[in-house]
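Undergrad: Dumping the structure here so I can ask a few things about it.
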Amino acid sequence: MDKKMDINKDVESIPLNYNKYVKKKIIFILISFLFLITIFFYSISVGNANVPLNDVFRVLLGQNIENSSTIIWNIRLPRALAAISAGVGLSVSGVALQSILRNPLGSPYTLGISNAAAFGAAFSVIILGAGSMHSTGAGAVIINNPYITTIVAFLWSLVATFMLLAISKYKGASPEVMILIGVALSSLFTAGTMFLQYFADDVELAAVVFWTFGDVGRADWGELGIITAVVVPAMIYFIHNRWNYNAIDAGDETARGLGVNVERIRLWGMLLASFVTAIIISFLGVIGFIGLVCPHIARRFIGDEQRFLIPASCITGGLLLLASDTAARLMLSPHVLPVAILTSFMGAPLFIYLLVRGYRN
Amino acid sequence: MNVDNLEFNYKSGNVLKDIGFELYHGEILAILGPNGVGKTTLLRCINNILSPKKGIIKVEDEDILSMKNDEIARRLGYVPQRSEVGRLTAFDAILLGRKPHMGFHVKDKDIGIVNSVINKLELEKLSLRNINELSGGELQKVMFARALVQEPKVLLLDEPTSSLDLKNQLGILKTVRQTVDENQISAVFTMHDLNLALRFADRYVLVKNGRVFKHGGSDIITPENIEQVYEVKVDVEYINGYYFVIPID
């Protein structure tokens with residue numbers, strides 16, 4: 001009884017500062033969410049044919065406005081949603097991998113999954129003759145059979161994933177070793193892609209290179225549906241496990257002492273993060289740096305506490321990819337750049353800046 | 001708490017064999033022995049981080065080895081020798097200790113318990129500082145606080161004083177002593193500094209070659225036993241109310 005009284009008294013005297021500090025983080029998350037919504041509407045309204053924001057709202061609410069309706073429903077809306085969905089998926093995979101592997105370099109890209117998918121695309125185009133890719137933005141390359149490319153890219157990224165997981169499970173590799181294995185797999189698949197490209201003809205080569213430029217404009221409603229159907233449950237899973245990741249961040253020993261099954265959390269996290277990435281990349285092409293950089297941007301503002309970091313990373317990911325894609329569409333209008341070119345352009349200097357700033361202390 | 005007939009093997013060979021001891025409420029046990037003798041392994045076996053090959057571990061007559069991970073974590077609070085330190089506040093780092101009790105959300109009760117432990121250990125000033133900016137002594141206190149909010153029956157501390165200066169060594173062990181006395185729980189720590197152990201522990205286990213060489217009160221810390229275990233000749237002197245182990249050449 002005494003103890004209970006004590007606790008109640010303590011609840012009342014929770015440091016105001018801590019509440020303030022939590023509130024600050026929630027406000028950051030809310031503000032970036034509002035920012036995301038704003039950019040979302042902006043990106044739907046701008047482009048080759050500008051649609052006034054008024055009309056955007058009216059169309060989205062179900063009204064039919066000539067031309068605008070077609071542009072919004074068929075092109076801009078799926079594109080914007082694909083950018084958000086892919087951004088969220090890549091970023092949440094990155095933040096989970098960084099925690100699971102306890103390494104700031106953890107991301108789908110550094111684990112070789114992206115390069116494996118690119119190899120798969122090259123394989124399908126050059127060996128299986130699947131031909132080329134399509135894009136709602138660029139009609140330059142003709143489609144023969146885009147689904148074969150997607151499926152083969154997906155299968156190869158799964159091959160990379162399972163190689164990683166098998167080594168970690170049966171050889172009990174440490175997180176550091178897994179990053180190194182990822183780097184080795186990356187270069188292995190890059191070499192494979194180069195080997196195939198060496199024997200390809202001009203058209204095939206163009207198709208392969210085109211595929212590797214990740215582009216959110218490739219998604220139609222059906223593909224967007226598949227991506228979202230994978231990203232949303234994955235996001236929920238990662239958020240649900242936030243305390244497990246907090247525990248793993250504190251070290252394997254500590255986590256085990258707190259009752260966390262570290263091996264199982266690590267295995268499932270890697271499997272899911274890889275799967276999400278494989279799906280996104282297979283449909284949209286290689287989009288680098290989102291998975292690596294967005295969690296780090298979120299960390300700068302929010303800290304390493306996973307309760308806030310995971311949602312913040314999701315929003316940052318969606319925001320950065322959508323903003324990049326909007327910029328990529330407007331920069332050389334009427335030409336539309338694949339967003340992957342821009343994410344690396346923006347991502348790399350930002351990342352270097354963050355690193356330099358981080359190590360100064 | 002009761003440990004009986006504990007045995008553990010690494011793939012490379014036998015590490016622990018026939019380990020047994022008892023510990024009562026309000027007591028501190030020091031596990032002593034030279035480097036590499038399996039002290040840390042023993043601690044990890046007690047809370048089933050490493051699964052013992054055989055043996056029985058009971059806390060308040062409940063069998064630990066048949067429990068689920070988070071059930072164990074609600075009874076045994078473990079502070080490993082080293083933790084990873086990220087950019088999160090001491091408050092959040094301590095709150096993590098509530099994990100075995102927590103559902104999906106942090107409840108007011110969790111925050112209340114963290115807060116009362118922070119007050120008890122006088123960590124208020126650093127509760128909102130990032131733990132990667134804390135000194136070694138402060139960090140060790142935070143890690144200890146994390147184990148305390150688990151509300152354990154037994155604290156397991158692996159070398160709690162390594163890498164601390166004299167003041168902080170005494171500080172952290174006084175805190176352990178006080179906590180054990182006030183809450184009538186038990187604590188087990190491994191330690192290299194025999195004099196610190198003699199000052200704060202009630203019982204001792206001397207480990208030699210993976211077996212319990214001697215087990216008992218401070219009367220087992222004799223020059224003969226120390227020489228047997230550490231292969232060093234020592235005197236044991238009684239100064240100012242404490243026993244001291246002094247090496248002689």
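Residues are named by chain letter and number: chains run A, B, ... in the order of the structure tokens, numbers start at 1 in each chain, and ligands are numbered from 1 in the order shown.
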May I have a table of the residues of chain B lying at most 10 Å from chain A, giving each one's closest pair of atoms and their distance in Å to one decimal, counting only C-alpha atoms, ordered by chain and ascending residue number, as CSV?
TA:
residue,atom,partner,partner_atom,distance
B:Arg44,CA,A:Gly257,CA,8.6
B:Asn47,CA,A:Gly257,CA,7.2
B:Asn48,CA,A:Gly257,CA,8.6
B:Ile49,CA,A:Arg256,CA,6.1
B:Leu50,CA,A:Arg256,CA,9.6
B:Lys68,CA,A:Gly259,CA,8.0
B:Asn69,CA,A:Gly259,CA,4.3
B:Asp70,CA,A:Gly259,CA,4.3
B:Glu71,CA,A:Gly259,CA,7.6
B:Ile72,CA,A:Gly259,CA,6.9
B:Ala73,CA,A:Leu258,CA,5.2
B:Arg74,CA,A:Leu258,CA,8.1
B:Leu76,CA,A:Gly257,CA,8.0
B:Gly77,CA,A:Gly257,CA,6.9
B:Tyr78,CA,A:Gly257,CA,5.5
B:Val79,CA,A:Thr254,CA,6.9
B:Pro80,CA,A:Thr254,CA,6.4
B:Gln81,CA,A:Glu253,CA,9.0
B:Arg82,CA,A:Gly251,CA,8.0
B:Ser83,CA,A:Gly251,CA,5.4
B:Glu84,CA,A:Ala250,CA,4.7
B:Val85,CA,A:Ala250,CA,6.3
B:Gly86,CA,A:Asp304,CA,6.4
B:Arg87,CA,A:Asp304,CA,5.2
B:Leu88,CA,A:Asp304,CA,5.5
B:Thr89,CA,A:Glu305,CA,8.4
B:Phe91,CA,A:Tyr18,CA,8.0
B:Asp92,CA,A:Glu305,CA,7.4
B:Ala93,CA,A:Ala250,CA,8.3
B:Leu96,CA,A:Ala247,CA,6.8
B:Gly97,CA,A:Leu258,CA,6.9
B:Arg98,CA,A:Leu258,CA,8.6
B:Lys99,CA,A:Leu258,CA,6.8
B:Pro100,CA,A:Leu258,CA,6.1
B:His101,CA,A:Leu258,CA,9.8
B:Met102,CA,A:Trp243,CA,9.3
B:Gly103,CA,A:Trp243,CA,10.0
B:Phe104,CA,A:His240,CA,7.3
B:His105,CA,A:Trp243,CA,9.8
B:Lys107,CA,A:Val11,CA,9.9
B:Asp108,CA,A:Val11,CA,6.2
B:Lys109,CA,A:Val11,CA,6.7
B:Asp110,CA,A:Val11,CA,8.8
B:Ile111,CA,A:Val11,CA,6.8
B:Gly112,CA,A:Val11,CA,4.5
B:Ile113,CA,A:Ile7,CA,6.5
B:Val114,CA,A:Asp10,CA,9.0
B:Asn115,CA,A:Ile14,CA,6.4
B:Ser116,CA,A:Asp10,CA,6.2
B:Val117,CA,A:Asp10,CA,10.0
B:Asn119,CA,A:Asp10,CA,9.6
B:Glu124,CA,A:Pro15,CA,8.8
B:Ser127,CA,A:Tyr18,CA,8.5
B:Leu128,CA,A:Tyr18,CA,7.0
B:Asn130,CA,A:Gly303,CA,8.9
B:Met143,CA,A:Thr254,CA,9.4
B:Arg146,CA,A:Leu258,CA,9.8
B:Ala147,CA,A:Leu258,CA,8.7
B:Gln150,CA,A:Leu258,CA,8.3
B:Leu156,CA,A:Gly257,CA,9.6
Undergrad: Please list as a list in words every residue within 7 Å of A:Gly269, counting only C-alpha atoms and excluding residues in the same chain fewer than 4 positions away.
TA: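 The filter keeps Ala96, Ile265 and Ala273 of chain A.
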Undergrad: Hey, could you make a per-residue contact list for stretch 75-166 of chain A against stretch 184-196 of chain A with 9 Å as the cut-off, showing the nearest pair of atoms and its distance in Å to one decimal, counting only C-alpha atoms, sorted by chain and number, as a tab-separated table?
TA:
residue	atom	partner	partner_atom	distance
A:Tyr109	CA	A:Ser186	CA	8.3
A:Thr110	CA	A:Ser186	CA	7.3
A:Leu111	CA	A:Ser186	CA	6.8
A:Gly112	CA	A:Ser186	CA	4.0
A:Ile113	CA	A:Ser186	CA	7.3
A:Ser114	CA	A:Ser186	CA	7.9
A:Asn115	CA	A:Ser186	CA	5.6
A:Ala116	CA	A:Phe189	CA	5.4
A:Ala117	CA	A:Phe189	CA	8.7
A:Ala118	CA	A:Thr193	CA	7.3
A:Phe119	CA	A:Thr193	CA	4.9
A:Gly120	CA	A:Thr193	CA	8.3
A:Ala121	CA	A:Thr193	CA	8.9
A:Ala122	CA	A:Thr193	CA	6.3
A:Phe123	CA	A:Leu196	CA	7.1
A:Ile126	CA	A:Leu196	CA	7.0
A:Ile127	CA	A:Leu196	CA	8.2
A:Ala160	CA	A:Leu185	CA	7.1
A:Met163	CA	A:Leu185	CA	8.8
A:Leu164	CA	A:Leu185	CA	8.6
Undergrad: Run DSSP on the backbone and give me the residues of stretch 24-81 of chain B it puts in alpha helix (DSSP H), as a list in words.
TA: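 In stretch 24-81 of chain B, DSSP puts these residues in alpha helix (DSSP H): Lys39, Thr40, Thr41, Leu42, Leu43, Arg44, Cys45, Ile46, Asn69, Asp70, Glu71, Ile72 and Ala73 of chain B.
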Undergrad: Once you have the residues from the selection above, write them out as a PDB file, in the first residue's frame, restricted to N, CA, C and O atoms.
TA:
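Once written, selection32.pdb looks like this:
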ATOM      1  N   LYS B  39      34.016 -16.002 -14.495  1.00  0.00           N
ATOM      2  CA  LYS B  39      33.136 -15.224 -13.616  1.00  0.00           C
ATOM      3  C   LYS B  39      31.978 -14.602 -14.402  1.00  0.00           C
ATOM      4  O   LYS B  39      30.819 -14.706 -14.006  1.00  0.00           O
ATOM      5  N   THR B  40      32.337 -13.961 -15.527  1.00  0.00           N
ATOM      6  CA  THR B  40      31.296 -13.337 -16.346  1.00  0.00           C
ATOM      7  C   THR B  40      30.358 -14.393 -16.922  1.00  0.00           C
ATOM      8  O   THR B  40      29.139 -14.213 -16.962  1.00  0.00           O
ATOM      9  N   THR B  41      30.942 -15.504 -17.359  1.00  0.00           N
ATOM     10  CA  THR B  41      30.130 -16.601 -17.878  1.00  0.00           C
ATOM     11  C   THR B  41      29.125 -17.064 -16.834  1.00  0.00           C
ATOM     12  O   THR B  41      27.962 -17.310 -17.141  1.00  0.00           O
ATOM     13  N   LEU B  42      29.577 -17.124 -15.588  1.00  0.00           N
ATOM     14  CA  LEU B  42      28.679 -17.541 -14.509  1.00  0.00           C
ATOM     15  C   LEU B  42      27.499 -16.579 -14.363  1.00  0.00           C
ATOM     16  O   LEU B  42      26.346 -16.994 -14.278  1.00  0.00           O
ATOM     17  N   LEU B  43      27.800 -15.265 -14.404  1.00  0.00           N
ATOM     18  CA  LEU B  43      26.723 -14.278 -14.309  1.00  0.00           C
ATOM     19  C   LEU B  43      25.725 -14.454 -15.452  1.00  0.00           C
ATOM     20  O   LEU B  43      24.518 -14.404 -15.263  1.00  0.00           O
ATOM     21  N   ARG B  44      26.266 -14.665 -16.656  1.00  0.00           N
ATOM     22  CA  ARG B  44      25.382 -14.814 -17.817  1.00  0.00           C
ATOM     23  C   ARG B  44      24.548 -16.087 -17.733  1.00  0.00           C
ATOM     24  O   ARG B  44      23.447 -16.145 -18.258  1.00  0.00           O
ATOM     25  N   CYS B  45      25.107 -17.097 -17.088  1.00  0.00           N
ATOM     26  CA  CYS B  45      24.333 -18.337 -16.920  1.00  0.00           C
ATOM     27  C   CYS B  45      23.188 -18.120 -15.944  1.00  0.00           C
ATOM     28  O   CYS B  45      22.107 -18.668 -16.113  1.00  0.00           O
ATOM     29  N   ILE B  46      23.447 -17.314 -14.906  1.00  0.00           N
ATOM     30  CA  ILE B  46      22.427 -17.143 -13.880  1.00  0.00           C
ATOM     31  C   ILE B  46      21.161 -16.541 -14.470  1.00  0.00           C
ATOM     32  O   ILE B  46      20.059 -16.943 -14.141  1.00  0.00           O
ATOM     33  N   ASN B  69      11.976 -15.235 -21.336  1.00  0.00           N
ATOM     34  CA  ASN B  69      12.984 -14.182 -21.204  1.00  0.00           C
ATOM     35  C   ASN B  69      12.517 -13.002 -20.366  1.00  0.00           C
ATOM     36  O   ASN B  69      13.230 -12.530 -19.491  1.00  0.00           O
ATOM     37  N   ASP B  70      11.297 -12.517 -20.648  1.00  0.00           N
ATOM     38  CA  ASP B  70      10.923 -11.296 -19.926  1.00  0.00           C
ATOM     39  C   ASP B  70      10.505 -11.591 -18.486  1.00  0.00           C
ATOM     40  O   ASP B  70      10.576 -10.720 -17.626  1.00  0.00           O
ATOM     41  N   GLU B  71      10.134 -12.841 -18.226  1.00  0.00           N
ATOM     42  CA  GLU B  71       9.884 -13.213 -16.825  1.00  0.00           C
ATOM     43  C   GLU B  71      11.187 -13.199 -16.034  1.00  0.00           C
ATOM     44  O   GLU B  71      11.223 -12.764 -14.881  1.00  0.00           O
ATOM     45  N   ILE B  72      12.255 -13.674 -16.680  1.00  0.00           N
ATOM     46  CA  ILE B  72      13.563 -13.639 -16.017  1.00  0.00           C
ATOM     47  C   ILE B  72      13.967 -12.192 -15.777  1.00  0.00           C
ATOM     48  O   ILE B  72      14.434 -11.830 -14.693  1.00  0.00           O
ATOM     49  N   ALA B  73      13.738 -11.349 -16.812  1.00  0.00           N
ATOM     50  CA  ALA B  73      14.176  -9.955 -16.718  1.00  0.00           C
ATOM     51  C   ALA B  73      13.412  -9.186 -15.643  1.00  0.00           C
ATOM     52  O   ALA B  73      13.853  -8.142 -15.194  1.00  0.00           O
TER      53      ALA B  73
END
Undergrad: May I have the residues within 8 Å of stretch 198-212 of chain B as a short mmCIF file (atom, residue, chain, number, x, y, z; two decimals) with all heavy atoms, in the first residue's frame, using only C-alpha atoms and disregarding those fewer than 2 positions away in the same chain?
TA:
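Output below, filename out_6.cif:
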data_model
loop_
_atom_site.label_atom_id
_atom_site.label_comp_id
_atom_site.auth_asym_id
_atom_site.auth_seq_id
_atom_site.Cartn_x
_atom_site.Cartn_y
_atom_site.Cartn_z
N ASN B 14 34.91 -27.32 -21.39
CA ASN B 14 34.22 -27.12 -20.14
C ASN B 14 34.64 -25.81 -19.48
O ASN B 14 35.81 -25.57 -19.26
CB ASN B 14 34.56 -28.27 -19.21
CG ASN B 14 33.36 -28.70 -18.42
OD1 ASN B 14 32.47 -27.90 -18.18
ND2 ASN B 14 33.33 -29.96 -18.04
N VAL B 15 33.68 -24.95 -19.18
CA VAL B 15 34.05 -23.71 -18.54
C VAL B 15 33.64 -23.73 -17.06
O VAL B 15 34.44 -23.44 -16.19
CB VAL B 15 33.40 -22.50 -19.24
CG1 VAL B 15 33.74 -21.23 -18.49
CG2 VAL B 15 33.90 -22.41 -20.67
N LEU B 16 32.38 -24.07 -16.83
CA LEU B 16 31.91 -24.09 -15.45
C LEU B 16 31.43 -25.49 -15.11
O LEU B 16 30.82 -26.17 -15.92
CB LEU B 16 30.75 -23.12 -15.27
CG LEU B 16 31.02 -21.64 -15.51
CD1 LEU B 16 29.73 -20.86 -15.38
CD2 LEU B 16 32.05 -21.13 -14.53
N LYS B 17 31.72 -25.91 -13.90
CA LYS B 17 31.25 -27.21 -13.48
C LYS B 17 30.91 -27.19 -12.00
O LYS B 17 31.64 -26.59 -11.22
CB LYS B 17 32.34 -28.26 -13.74
CG LYS B 17 31.73 -29.59 -14.13
CD LYS B 17 32.73 -30.58 -14.63
CE LYS B 17 31.92 -31.85 -14.63
NZ LYS B 17 32.46 -33.01 -14.98
N ASP B 18 29.81 -27.81 -11.67
CA ASP B 18 29.48 -28.02 -10.27
C ASP B 18 29.50 -26.72 -9.46
O ASP B 18 30.13 -26.64 -8.42
CB ASP B 18 30.47 -29.02 -9.67
CG ASP B 18 29.85 -29.68 -8.45
OD1 ASP B 18 28.62 -29.58 -8.29
OD2 ASP B 18 30.61 -30.27 -7.66
N ILE B 19 28.84 -25.70 -10.00
CA ILE B 19 28.78 -24.41 -9.32
C ILE B 19 27.55 -24.38 -8.43
O ILE B 19 26.45 -24.70 -8.89
CB ILE B 19 28.67 -23.25 -10.33
CG1 ILE B 19 29.89 -23.20 -11.25
CG2 ILE B 19 28.44 -21.92 -9.61
CD1 ILE B 19 31.06 -22.47 -10.69
N GLY B 20 27.72 -24.03 -7.16
CA GLY B 20 26.56 -23.92 -6.30
C GLY B 20 26.78 -22.91 -5.20
O GLY B 20 27.89 -22.78 -4.69
N PHE B 21 25.76 -22.13 -4.89
CA PHE B 21 25.84 -21.23 -3.73
C PHE B 21 24.44 -20.78 -3.37
O PHE B 21 23.49 -21.00 -4.10
CB PHE B 21 26.77 -20.04 -3.99
CG PHE B 21 26.44 -19.26 -5.23
CD1 PHE B 21 25.46 -18.29 -5.22
CD2 PHE B 21 27.13 -19.50 -6.42
CE1 PHE B 21 25.17 -17.57 -6.35
CE2 PHE B 21 26.85 -18.78 -7.56
CZ PHE B 21 25.86 -17.82 -7.54
N LEU B 23 22.11 -17.45 -1.45
CA LEU B 23 22.14 -16.03 -1.16
C LEU B 23 20.80 -15.64 -0.58
O LEU B 23 19.76 -16.08 -1.06
CB LEU B 23 22.40 -15.28 -2.47
CG LEU B 23 22.70 -13.79 -2.42
CD1 LEU B 23 23.96 -13.53 -1.61
CD2 LEU B 23 22.92 -13.28 -3.83
N GLU B 27 21.49 -9.52 1.05
CA GLU B 27 22.91 -9.90 1.02
C GLU B 27 23.56 -9.60 -0.33
O GLU B 27 22.90 -9.63 -1.37
CB GLU B 27 23.05 -11.39 1.30
CG GLU B 27 22.88 -11.73 2.76
CD GLU B 27 23.28 -13.17 3.05
OE1 GLU B 27 23.27 -14.00 2.12
OE2 GLU B 27 23.60 -13.44 4.21
N ILE B 28 24.86 -9.34 -0.27
CA ILE B 28 25.64 -9.14 -1.49
C ILE B 28 26.67 -10.25 -1.58
O ILE B 28 27.35 -10.57 -0.60
CB ILE B 28 26.35 -7.78 -1.47
CG1 ILE B 28 25.32 -6.65 -1.45
CG2 ILE B 28 27.25 -7.63 -2.69
CD1 ILE B 28 25.94 -5.26 -1.40
N LEU B 29 26.75 -10.84 -2.77
CA LEU B 29 27.71 -11.91 -3.00
C LEU B 29 28.76 -11.44 -3.98
O LEU B 29 28.43 -10.85 -5.02
CB LEU B 29 26.98 -13.14 -3.57
CG LEU B 29 27.87 -14.30 -4.00
CD1 LEU B 29 28.07 -15.26 -2.84
CD2 LEU B 29 27.30 -15.04 -5.18
N ALA B 30 30.02 -11.66 -3.66
CA ALA B 30 31.09 -11.31 -4.59
C ALA B 30 31.64 -12.58 -5.21
O ALA B 30 31.96 -13.52 -4.49
CB ALA B 30 32.19 -10.56 -3.86
N ILE B 31 31.69 -12.59 -6.53
CA ILE B 31 32.33 -13.72 -7.23
C ILE B 31 33.76 -13.30 -7.54
O ILE B 31 34.00 -12.32 -8.24
CB ILE B 31 31.57 -14.06 -8.52
CG1 ILE B 31 30.14 -14.49 -8.19
CG2 ILE B 31 32.29 -15.17 -9.28
CD1 ILE B 31 29.28 -14.74 -9.40
N LEU B 32 34.70 -14.01 -6.97
CA LEU B 32 36.11 -13.64 -7.10
C LEU B 32 36.89 -14.74 -7.79
O LEU B 32 36.56 -15.91 -7.68
CB LEU B 32 36.71 -13.39 -5.71
CG LEU B 32 35.96 -12.40 -4.80
CD1 LEU B 32 36.57 -12.41 -3.40
CD2 LEU B 32 35.99 -11.01 -5.40
N GLY B 33 37.92 -14.31 -8.48
CA GLY B 33 38.78 -15.28 -9.15
C GLY B 33 39.59 -14.58 -10.21
O GLY B 33 39.26 -13.45 -10.60
N PRO B 34 40.66 -15.23 -10.68
CA PRO B 34 41.52 -14.57 -11.67
C PRO B 34 40.82 -14.40 -13.02
O PRO B 34 39.75 -14.94 -13.24
CB PRO B 34 42.72 -15.52 -11.78
CG PRO B 34 42.31 -16.79 -11.17
CD PRO B 34 41.16 -16.53 -10.26
N VAL B 37 38.50 -17.05 -15.65
CA VAL B 37 38.14 -18.23 -14.90
C VAL B 37 36.65 -18.56 -15.07
O VAL B 37 36.17 -19.61 -14.68
CB VAL B 37 38.52 -18.04 -13.41
CG1 VAL B 37 37.47 -17.21 -12.70
CG2 VAL B 37 38.72 -19.37 -12.72
N GLY B 38 35.92 -17.63 -15.68
CA GLY B 38 34.51 -17.89 -15.96
C GLY B 38 33.54 -17.12 -15.09
O GLY B 38 32.39 -17.49 -14.95
N LYS B 39 34.02 -16.00 -14.49
CA LYS B 39 33.14 -15.22 -13.62
C LYS B 39 31.98 -14.60 -14.40
O LYS B 39 30.82 -14.71 -14.01
CB LYS B 39 33.94 -14.10 -12.91
CG LYS B 39 35.07 -14.61 -12.04
CD LYS B 39 35.65 -13.50 -11.18
CE LYS B 39 36.29 -12.40 -11.99
NZ LYS B 39 37.55 -12.78 -12.64
N LEU B 173 29.28 1.40 -5.16
CA LEU B 173 29.08 0.26 -4.27
C LEU B 173 28.26 0.62 -3.04
O LEU B 173 27.48 -0.19 -2.54
CB LEU B 173 30.43 -0.34 -3.87
CG LEU B 173 31.14 -1.07 -5.03
CD1 LEU B 173 32.50 -1.58 -4.60
CD2 LEU B 173 30.29 -2.22 -5.55
N LYS B 174 28.43 1.86 -2.57
CA LYS B 174 27.58 2.31 -1.47
C LYS B 174 26.12 2.31 -1.91
O LYS B 174 25.23 1.92 -1.15
CB LYS B 174 27.97 3.73 -1.03
CG LYS B 174 29.02 3.74 0.05
CD LYS B 174 29.31 5.19 0.48
CE LYS B 174 30.59 5.22 1.31
NZ LYS B 174 31.24 6.54 1.27
N ARG B 177 24.91 -1.20 -1.93
CA ARG B 177 24.68 -1.66 -0.55
C ARG B 177 23.37 -1.12 -0.01
O ARG B 177 22.54 -1.83 0.54
CB ARG B 177 25.86 -1.18 0.30
CG ARG B 177 25.85 -1.57 1.75
CD ARG B 177 26.29 -2.99 1.96
NE ARG B 177 25.18 -3.87 2.26
CZ ARG B 177 25.31 -5.17 2.45
NH1 ARG B 177 26.48 -5.76 2.35
NH2 ARG B 177 24.26 -5.91 2.73
N LEU B 194 39.95 -7.09 -4.46
CA LEU B 194 39.54 -7.88 -3.30
C LEU B 194 39.18 -7.00 -2.12
O LEU B 194 38.25 -7.31 -1.37
CB LEU B 194 40.68 -8.82 -2.90
CG LEU B 194 41.02 -9.90 -3.93
CD1 LEU B 194 42.29 -10.64 -3.53
CD2 LEU B 194 39.86 -10.86 -4.08
N ASN B 195 39.86 -5.87 -1.98
CA ASN B 195 39.60 -5.03 -0.82
C ASN B 195 38.24 -4.35 -0.90
O ASN B 195 37.54 -4.22 0.10
CB ASN B 195 40.72 -3.99 -0.66
CG ASN B 195 42.03 -4.68 -0.37
OD1 ASN B 195 42.06 -5.72 0.31
ND2 ASN B 195 43.12 -4.16 -0.90
N LEU B 196 37.87 -3.93 -2.11
CA LEU B 196 36.53 -3.37 -2.29
C LEU B 196 35.48 -4.44 -2.01
O LEU B 196 34.47 -4.18 -1.35
CB LEU B 196 36.35 -2.86 -3.72
CG LEU B 196 36.73 -1.42 -4.02
CD1 LEU B 196 36.46 -1.12 -5.48
CD2 LEU B 196 35.95 -0.46 -3.13
N LYS B 214 35.96 -22.13 -2.91
CA LYS B 214 35.43 -21.96 -1.57
C LYS B 214 34.21 -21.06 -1.64
O LYS B 214 34.09 -20.24 -2.54
CB LYS B 214 36.48 -21.31 -0.64
CG LYS B 214 37.46 -22.30 -0.04
CD LYS B 214 36.95 -22.85 1.26
CE LYS B 214 37.54 -24.19 1.68
NZ LYS B 214 38.95 -24.41 1.58
N HIS B 215 33.33 -21.20 -0.68
CA HIS B 215 32.09 -20.46 -0.69
C HIS B 215 31.72 -20.17 0.75
O HIS B 215 31.68 -21.07 1.57
CB HIS B 215 31.02 -21.31 -1.41
CG HIS B 215 29.61 -20.91 -1.11
ND1 HIS B 215 28.60 -21.82 -0.99
CD2 HIS B 215 29.05 -19.70 -0.93
CE1 HIS B 215 27.47 -21.18 -0.73
NE2 HIS B 215 27.72 -19.90 -0.69
N GLY B 216 31.53 -18.89 1.09
CA GLY B 216 31.18 -18.58 2.48
C GLY B 216 31.34 -17.11 2.81
O GLY B 216 31.37 -16.26 1.92
N GLY B 217 31.45 -16.81 4.10
CA GLY B 217 31.60 -15.43 4.55
C GLY B 217 33.04 -14.96 4.43
O GLY B 217 33.87 -15.62 3.81
N SER B 218 33.34 -13.80 5.07
CA SER B 218 34.67 -13.22 4.90
C SER B 218 35.75 -14.11 5.50
O SER B 218 36.93 -13.92 5.23
CB SER B 218 34.72 -11.83 5.51
OG SER B 218 34.40 -11.91 6.89
N ILE B 220 36.48 -16.97 4.64
CA ILE B 220 37.17 -17.80 3.62
C ILE B 220 38.25 -17.01 2.90
O ILE B 220 39.04 -17.55 2.14
CB ILE B 220 36.20 -18.39 2.56
CG1 ILE B 220 35.57 -17.29 1.71
CG2 ILE B 220 35.13 -19.25 3.23
CD1 ILE B 220 35.02 -17.82 0.40
N VAL B 229 44.01 -19.67 -5.17
CA VAL B 229 43.20 -19.22 -6.31
C VAL B 229 43.98 -18.30 -7.23
O VAL B 229 43.95 -18.45 -8.44
CB VAL B 229 41.92 -18.52 -5.80
CG1 VAL B 229 41.18 -17.85 -6.95
CG2 VAL B 229 41.01 -19.53 -5.11
N TYR B 242 37.98 -2.98 8.67
CA TYR B 242 37.83 -3.74 7.42
C TYR B 242 39.00 -4.69 7.25
O TYR B 242 40.11 -4.43 7.71
CB TYR B 242 37.80 -2.79 6.21
CG TYR B 242 36.61 -1.88 6.21
CD1 TYR B 242 36.77 -0.52 6.49
CD2 TYR B 242 35.33 -2.36 5.91
CE1 TYR B 242 35.68 0.33 6.49
CE2 TYR B 242 34.25 -1.51 5.91
CZ TYR B 242 34.41 -0.17 6.20
OH TYR B 242 33.34 0.66 6.20
N TYR B 243 38.75 -5.78 6.55
CA TYR B 243 39.84 -6.67 6.18
C TYR B 243 40.50 -6.17 4.91
O TYR B 243 39.83 -5.67 4.01
CB TYR B 243 39.32 -8.09 5.96
CG TYR B 243 39.01 -8.80 7.24
CD1 TYR B 243 37.70 -8.93 7.69
CD2 TYR B 243 40.04 -9.36 8.00
CE1 TYR B 243 37.42 -9.57 8.88
CE2 TYR B 243 39.77 -10.01 9.19
CZ TYR B 243 38.46 -10.10 9.63
OH TYR B 243 38.20 -10.73 10.81
N PHE B 244 41.82 -6.29 4.85
CA PHE B 244 42.54 -5.90 3.64
C PHE B 244 43.46 -7.02 3.20
O PHE B 244 44.10 -7.66 4.02
CB PHE B 244 43.38 -4.63 3.88
CG PHE B 244 42.55 -3.39 3.96
CD1 PHE B 244 41.99 -2.98 5.16
CD2 PHE B 244 42.31 -2.66 2.80
CE1 PHE B 244 41.21 -1.85 5.22
CE2 PHE B 244 41.53 -1.52 2.86
CZ PHE B 244 40.98 -1.11 4.07
#
